[in-house]
file final-v1.cif (mmCIF, C-alpha atoms)
data_target
loop_
_atom_site.label_atom_id
_atom_site.label_comp_id
_atom_site.auth_asym_id
_atom_site.auth_seq_id
_atom_site.Cartn_x
_atom_site.Cartn_y
_atom_site.Cartn_z
CA LEU A 1 -40.22 -1.98 6.84
CA MET A 2 -41.24 0.81 4.53
CA TYR A 3 -39.79 1.21 1.07
CA ASN A 4 -40.46 2.85 -2.22
CA GLY A 5 -38.96 1.43 -5.37
CA SER A 6 -38.73 -2.10 -6.70
CA ILE A 7 -37.51 -5.25 -5.01
CA LYS A 8 -36.91 -8.50 -6.82
CA LEU A 9 -35.73 -11.42 -4.69
CA THR A 10 -34.15 -14.43 -6.32
CA THR A 11 -33.06 -17.46 -4.36
CA LYS A 12 -29.46 -18.40 -5.04
CA THR A 13 -27.48 -21.43 -3.92
CA ASN A 14 -25.56 -19.42 -1.31
CA GLY A 15 -28.11 -16.81 -0.32
CA VAL A 16 -30.37 -14.10 -1.68
CA ALA A 17 -29.85 -11.88 -4.73
CA ILE A 18 -31.60 -8.54 -4.99
CA ASP A 19 -31.80 -7.13 -8.50
CA GLY A 20 -32.67 -3.47 -9.01
CA SER A 21 -32.76 -0.90 -6.25
CA ILE A 22 -34.21 -0.55 -2.77
CA THR A 23 -34.99 2.88 -1.36
CA ASN A 24 -36.12 3.25 2.22
CA SER A 25 -37.78 6.54 3.12
CA GLY A 26 -39.32 5.31 6.36
CA ASN A 27 -38.02 3.57 9.46
CA ILE A 28 -36.82 0.05 10.12
CA SER A 29 -37.04 -1.49 13.57
CA ALA A 30 -35.81 -4.99 14.30
CA ILE A 31 -35.51 -6.83 17.57
CA GLY A 32 -34.19 -9.98 15.93
CA SER A 33 -31.85 -10.38 13.00
CA LEU A 34 -31.87 -11.10 9.28
CA SER A 35 -29.31 -13.64 8.23
CA ALA A 36 -28.24 -15.17 4.96
CA SER A 37 -25.05 -16.91 4.02
CA SER A 38 -24.70 -14.52 1.09
CA ALA A 39 -26.65 -11.60 -0.33
CA CYS A 40 -26.10 -9.73 -3.57
CA ILE A 41 -27.59 -6.34 -4.36
CA GLY A 42 -27.31 -5.46 -8.04
CA GLY A 43 -28.59 -1.89 -7.81
CA ASP A 44 -28.54 0.84 -5.18
CA LEU A 45 -29.41 0.43 -1.51
CA LYS A 46 -30.46 3.82 -0.10
CA TRP A 47 -31.56 4.51 3.48
CA THR A 48 -33.01 7.89 4.39
CA GLY A 49 -34.84 6.73 7.52
CA ASN A 50 -33.56 5.08 10.69
CA ALA A 51 -32.31 1.54 11.09
CA THR A 52 -32.77 0.47 14.70
CA ASN A 53 -32.00 -2.82 16.36
CA GLY A 54 -33.35 -3.31 19.88
CA GLY A 55 -33.52 0.45 20.50
CA ASN A 56 -30.05 1.35 19.19
CA ASN A 57 -29.66 3.72 16.25
CA ASP A 58 -26.69 1.79 14.85
CA LEU A 59 -26.64 -0.59 11.94
CA VAL A 60 -24.50 -3.42 13.26
CA MET A 61 -22.61 -5.91 11.06
CA GLY A 62 -21.81 -9.32 12.43
CA THR A 63 -18.64 -11.17 11.51
CA GLY A 64 -19.36 -11.08 7.78
CA ASP A 65 -17.96 -8.70 5.17
CA LEU A 66 -19.62 -5.84 3.34
CA LYS A 67 -18.41 -6.34 -0.23
CA PHE A 68 -18.70 -4.12 -3.29
CA ALA A 69 -17.88 -5.00 -6.89
CA ASP A 70 -15.25 -2.92 -8.72
CA THR A 71 -16.49 0.65 -9.16
CA GLY A 72 -19.13 0.10 -6.43
CA ARG A 73 -18.82 3.06 -4.07
CA VAL A 74 -19.35 3.80 -0.41
CA ARG A 75 -20.83 7.29 -0.41
CA ILE A 76 -21.08 9.32 2.78
CA GLY A 77 -22.83 12.66 3.36
CA ASP A 78 -26.08 14.18 2.13
CA SER A 79 -24.40 15.19 -1.15
CA ASN A 80 -22.19 12.08 -1.39
CA ASP A 81 -19.22 14.28 -0.44
CA LEU A 82 -16.95 11.42 0.63
CA GLU A 83 -16.45 8.35 -1.56
CA LEU A 84 -14.43 5.18 -1.02
CA TYR A 85 -14.09 2.78 -3.93
CA HIS A 86 -11.91 0.59 -6.10
CA ASP A 87 -11.99 1.49 -9.81
CA ALA A 88 -10.79 -1.98 -10.98
CA THR A 89 -7.19 -0.68 -10.96
CA ASN A 90 -6.73 1.72 -8.04
CA SER A 91 -8.28 2.14 -4.60
CA ARG A 92 -9.52 5.66 -3.96
CA ILE A 93 -10.72 7.96 -1.19
CA GLU A 94 -12.24 11.13 -2.65
CA ASN A 95 -13.52 14.18 -0.78
CA GLY A 96 -15.75 16.66 -2.59
CA ASP A 97 -16.32 19.30 0.09
CA GLY A 98 -14.35 20.81 2.96
CA GLU A 99 -11.12 19.48 4.42
CA LEU A 100 -10.25 15.78 4.58
CA LEU A 101 -9.17 15.16 8.16
CA ILE A 102 -7.54 11.94 9.33
CA ILE A 103 -7.49 11.97 13.12
CA GLN A 104 -5.81 9.61 15.59
CA ASN A 105 -7.58 9.98 18.95
CA ALA A 106 -5.74 7.20 20.82
CA ASN A 107 -3.47 8.80 23.42
CA ASN A 108 0.32 8.47 22.80
CA GLU A 109 -0.20 6.23 19.76
CA ASP A 110 1.27 6.58 16.28
CA MET A 111 -0.15 6.98 12.81
CA CYS A 112 1.98 4.92 10.41
CA PHE A 113 2.22 5.02 6.63
CA TYR A 114 3.35 1.77 5.02
CA ASN A 115 4.19 0.79 1.46
CA ASP A 116 5.90 -1.96 -0.49
CA ASP A 117 9.69 -1.71 -0.08
CA GLY A 118 10.46 -2.79 -3.65
CA SER A 119 11.13 -6.43 -2.74
CA GLY A 120 7.61 -7.57 -1.87
CA ASN A 121 7.79 -6.69 1.82
CA ILE A 122 5.89 -3.96 3.66
CA ALA A 123 7.92 -1.19 5.30
CA THR A 124 7.12 1.93 7.32
CA TYR A 125 7.97 5.01 5.26
CA PHE A 126 7.06 7.57 7.89
CA HIS A 127 4.96 7.87 10.98
CA LEU A 128 3.51 10.52 13.22
CA ASP A 129 4.76 9.65 16.70
CA GLY A 130 2.14 10.57 19.30
CA GLY A 131 4.44 9.79 22.25
CA SER A 132 7.39 11.96 21.20
CA VAL A 133 5.18 14.39 19.24
CA CYS A 134 7.19 14.37 16.00
CA THR A 135 7.19 13.07 12.44
CA ILE A 136 9.71 10.28 11.87
CA PHE A 137 10.84 9.45 8.35
CA SER A 138 12.08 5.87 8.00
CA LYS A 139 13.01 6.13 4.32
CA ASP A 140 14.85 8.76 2.28
CA THR A 141 12.88 11.71 0.98
CA ARG A 142 13.42 13.15 -2.49
CA HIS A 143 12.51 16.61 -3.70
CA SER A 144 12.28 17.27 -7.45
CA ASP A 145 14.58 19.84 -9.05
CA GLY A 146 13.45 23.39 -8.35
CA VAL A 147 11.45 22.45 -5.24
CA ILE A 148 12.50 24.33 -2.11
CA ALA A 149 12.58 22.54 1.24
CA LYS A 150 11.71 25.19 3.86
CA PHE A 151 12.58 24.94 7.55
CA GLY A 152 11.83 27.14 10.54
CA THR A 153 8.75 29.09 11.59
CA ASP A 154 9.71 31.92 9.25
CA ASN A 155 10.99 29.61 6.47
CA ASP A 156 14.47 31.03 7.10
CA LEU A 157 16.45 27.90 6.15
CA LEU A 158 16.03 26.90 2.50
CA ILE A 159 17.51 23.92 0.68
CA GLN A 160 17.12 23.61 -3.08
CA HIS A 161 18.62 21.88 -6.10
CA ASP A 162 17.91 23.59 -9.41
CA GLY A 163 18.97 20.69 -11.62
CA ASN A 164 22.61 21.73 -11.80
CA ASN A 165 23.54 23.22 -8.43
CA GLY A 166 22.53 22.80 -4.82
CA TYR A 167 21.81 25.77 -2.53
CA ILE A 168 21.47 26.16 1.21
#
call {"tool": "encode", "arguments": {"input": "final-v1.cif", "output": "structure tokens"}}
result
Amino acid sequence: LMYNGSIKLTTKTNGVAIDGSITNSGNISAIGSLSASSACIGGDLKWTGNATNGGNNDLVMGTGDLKFADTGRVRIGDSNDLELYHDATNSRIENGDGELLIIQNANNEDMCFYNDDGSGNIATYFHLDGGSVCTIFSKDTRHSDGVIAKFGTDNDLLIQHDGNNGYI
């Protein structure tokens, strides 16, 4: 284990607390495992080297959770281009560079978008159907006044409501 930075370990009732930050600029190799019933890292945990376990280049989690406090972020990419976090009110996925692609690679499977249905139950609002190759809306759609719904390859069917009148 190579590191640069400061490490302060404090024994807690349920595990280990790490206060400050840990920066790894070297390599970590482990044949065995490190286990604790609970660990808390108060600062940043940064890995710029390789974490290997028994020859694999994967960092493998067991059955436990990886938990972050509110406003703690998962940052991905050399420039932290992709962030996942909860800001104490809302959950967010933010992309800072390039396109954000959500890809379903499972053959003939769907990608479903769910939300609360207004009565405390979860409902499908729309889904991308991989078997029939279409988008299926399960709830009404609403377009604000002045917005044009365009259909056809050449956008040659238009539907619009201007606030007073509807046009097709």
call {"tool": "residues_around", "arguments": {"input": "final-v1.cif", "residues": "Asp81 (chain A)", "least_positions_apart": "5", "cutoff": "7 Å", "atoms": "all atoms listed in the file", "output": "list in words"}}
result
Ile76, Asn95, Gly96 and Asp97 of chain A
call {"tool": "atom_distance", "arguments": {"input": "final-v1.cif", "atom1": "CA of Phe137 (chain A)", "atom2": "CA of Ala123 (chain A)"}}
result
11.4 Å
call {"tool": "resolve_selection", "arguments": {"input": "final-v1.cif", "expression": "the PyMOL selection byres ((chain A and resi 105-112) around 10)", "output": "ChimeraX atom specification"}}
result
/A:102-104,113-114,123-136
call {"tool": "resolve_selection", "arguments": {"input": "final-v1.cif", "expression": "the PyMOL selection byres ((chain A and resi 161) around 9)", "output": "ChimeraX atom specification"}}
result
/A:143-148,159-160,162-168
call {"tool": "axis_aligned_box", "arguments": {"input": "final-v1.cif", "around": "region 110-119 of chain A", "padding_each_side": "3 Å", "output": "lines of an AutoDock Vina configuration file"}}
result
center_x = 5.5
center_y = 0.3
center_z = 6.3
size_x = 17.3
size_y = 19.4
size_z = 25.9
call {"tool": "atom_distance", "arguments": {"input": "final-v1.cif", "atom1": "CA of Asp65 (chain A)", "atom2": "CA of Leu84 (chain A)"}}
result
15.6 Å
call {"tool": "atom_distance", "arguments": {"input": "final-v1.cif", "atom1": "CA of Lys139 (chain A)", "atom2": "CA of Asn115 (chain A)"}}
result
10.7 Å
call {"tool": "closest_residue", "arguments": {"input": "final-v1.cif", "among": "A:Asn121, A:Leu82, A:Arg73, A:Leu157", "to": "Glu99 (chain A)", "atoms": "all atoms listed in the file"}}
result
A:Leu82
